[in-house]
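Notes follow once the structure below has been shown.
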Amino acid sequence: MKTRLDDKWEYYRSKALKQFEMHLQEGRVDQDIVDFLKKVNSTSNCYTTSSCSGRIQLSAGQYPGAKGEILVIAKWHRTISTEELNFVLANCDYPSLWLSVHPPIFHIVAKNLRVAWKLVVTARNTGFKHSGIQGLGKRIVVEIMSMEKLEVPLRYQGENIIDLEKLPTLVDIANFMLTRGKERLHRLEKELMDVCK
């Protein structure tokens, strides 16, 4: 027998799935996680909201994370070359620039606390150590995130912090961090499906 909670769950799930389909059509979903998100969204106990497969990003602002004050100059959901980064830097005159690596991050809504807790445990066991229950309001939202994060100032208040000769090393590190985070996705996908089904 359906309850009010079931109706509420179906309402929010249906709304999220429609938005996901719209974002797919608009090309706003990272291609390397489309299949994973579709699988989660096809289960009866979970659905996804905002998610990212991980990215390298160049941004302008006094410091990273300053809400409303950071301007994203370029972002790549793949590894990059030193030449790509140099090209963007040469055409950018902002006084403060930051290179960052953002790890894979998923927001998954769980049907109940039991499922949410299983999601957290599974995520942590597959290397997504920065995972936890983020919200307990209208929906139970689990944030799943790995540890591969990097934030480096390239220029600060008009002064270059990183010598241009060192950029290849920095790009190698950024690419390594991005790739390592993405490599965890296969194990996460495999084990998460048992929880969500």
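Letters for chains follow the order of the structure tokens (A, B, ...), residue numbers begin at 1 for each chain, and ligand numbers begin at 1 in the order shown.
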**Study point:** Shell around Arg124 (chain A) at 12 Å using only C-alpha atoms, local window under 3 positions removed, as a VMD selection string
**Key:** chain A and resid 117 to 121 127 to 132 142 to 147 184 187 to 188 191 to 192
For the interface of region 72-177 of chain A with region 19-31 of chain A (cut-off 12 Å, counting only C-alpha atoms), please tabulate each contacting residue of region 72-177 of chain A alongside its nearest pair of atoms and their separation in Å to one decimal, rows sorted by chain and increasing number, as JSON lines.
```
{"residue": "A:Trp76", "atom": "CA", "partner": "A:Asp30", "partner_atom": "CA", "distance": 10.4}
{"residue": "A:His77", "atom": "CA", "partner": "A:Asp30", "partner_atom": "CA", "distance": 7.5}
{"residue": "A:Arg78", "atom": "CA", "partner": "A:Asp30", "partner_atom": "CA", "distance": 10.2}
{"residue": "A:Pro104", "atom": "CA", "partner": "A:Asp30", "partner_atom": "CA", "distance": 10.5}
{"residue": "A:Ile105", "atom": "CA", "partner": "A:Asp30", "partner_atom": "CA", "distance": 11.5}
{"residue": "A:Phe106", "atom": "CA", "partner": "A:Asp30", "partner_atom": "CA", "distance": 11.6}
```
Exercise for review: Select from chain A everything DSSP, run on the backbone, classes as strand (DSSP E), then give the selection as a count of residues only.
Suggested key: 51
Point to revise | Selection: 8 Å around Lys182 (chain A), only C-alpha atoms, excl. self and same-chain fewer than 4 positions, as a ChimeraX atom specification | key: /A:53-54,103-104,178
Practice item. Write out as a VMD selection string all residues of region 15-194 of chain A that DSSP puts in alpha helix (DSSP H) for this structure's backbone. Key: chain A and resid 15 to 25 34 to 41 82 to 90 113 to 125 167 to 194
Review point. What is the CA of Arg114 (chain A)-CA of Gly137 (chain A) distance in Å, reported with one decimal?
Key: 15.7 Å
Practice item. Between CA of Ile161 (chain A) and CA of Lys75 (chain A), measure the distance and give it in Å to one decimal. Key: 20.4 Å
Check your understanding: For Tyr11 (chain A), which of A:Lys138, A:Phe36, A:Glu159, A:Arg180 is the closest residue, counting only C-alpha atoms?
Key ->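 Among the listed residues, A:Lys138 lies closest to Tyr11 (chain A).
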I'd like the neighbourhood of Ile56 (chain A) as a PDB file with C-alpha atoms, in the first residue's frame, where a residue qualifies if any of its atoms comes within 10 Å (using only C-alpha atoms), though same-chain residues fewer than 3 positions away should be ignored.
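As written to disk, out_17.pdb reads:
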```pdb
ATOM      1  CA  ALA A  74      38.687  27.548 -18.437  1.00  0.00           C
ATOM      2  CA  LYS A  75      37.757  24.029 -17.399  1.00  0.00           C
ATOM      3  CA  TRP A  76      38.589  20.623 -18.767  1.00  0.00           C
ATOM      4  CA  HIS A  77      36.983  17.289 -17.796  1.00  0.00           C
ATOM      5  CA  ARG A  78      40.070  15.527 -19.177  1.00  0.00           C
ATOM      6  CA  THR A  79      43.841  15.731 -18.922  1.00  0.00           C
ATOM      7  CA  ILE A  80      45.451  18.836 -20.410  1.00  0.00           C
ATOM      8  CA  LEU A  99      44.781  26.198 -11.051  1.00  0.00           C
ATOM      9  CA  SER A 100      42.672  23.553  -9.382  1.00  0.00           C
ATOM     10  CA  VAL A 101      41.727  19.913  -9.702  1.00  0.00           C
ATOM     11  CA  HIS A 102      38.206  19.073  -8.568  1.00  0.00           C
ATOM     12  CA  PRO A 103      37.590  15.392  -7.768  1.00  0.00           C
ATOM     13  CA  LYS A 149      41.918  17.808  -4.900  1.00  0.00           C
ATOM     14  CA  LEU A 150      44.485  20.467  -5.755  1.00  0.00           C
ATOM     15  CA  GLU A 151      44.469  24.288  -5.576  1.00  0.00           C
ATOM     16  CA  VAL A 171      50.355  20.060 -15.348  1.00  0.00           C
ATOM     17  CA  ALA A 174      47.146  17.994 -12.085  1.00  0.00           C
ATOM     18  CA  ASN A 175      46.676  15.315 -14.768  1.00  0.00           C
ATOM     19  CA  MET A 177      45.264  13.785  -9.700  1.00  0.00           C
ATOM     20  CA  LEU A 178      42.423  14.008 -12.221  1.00  0.00           C
TER      21      LEU A 178
END
```
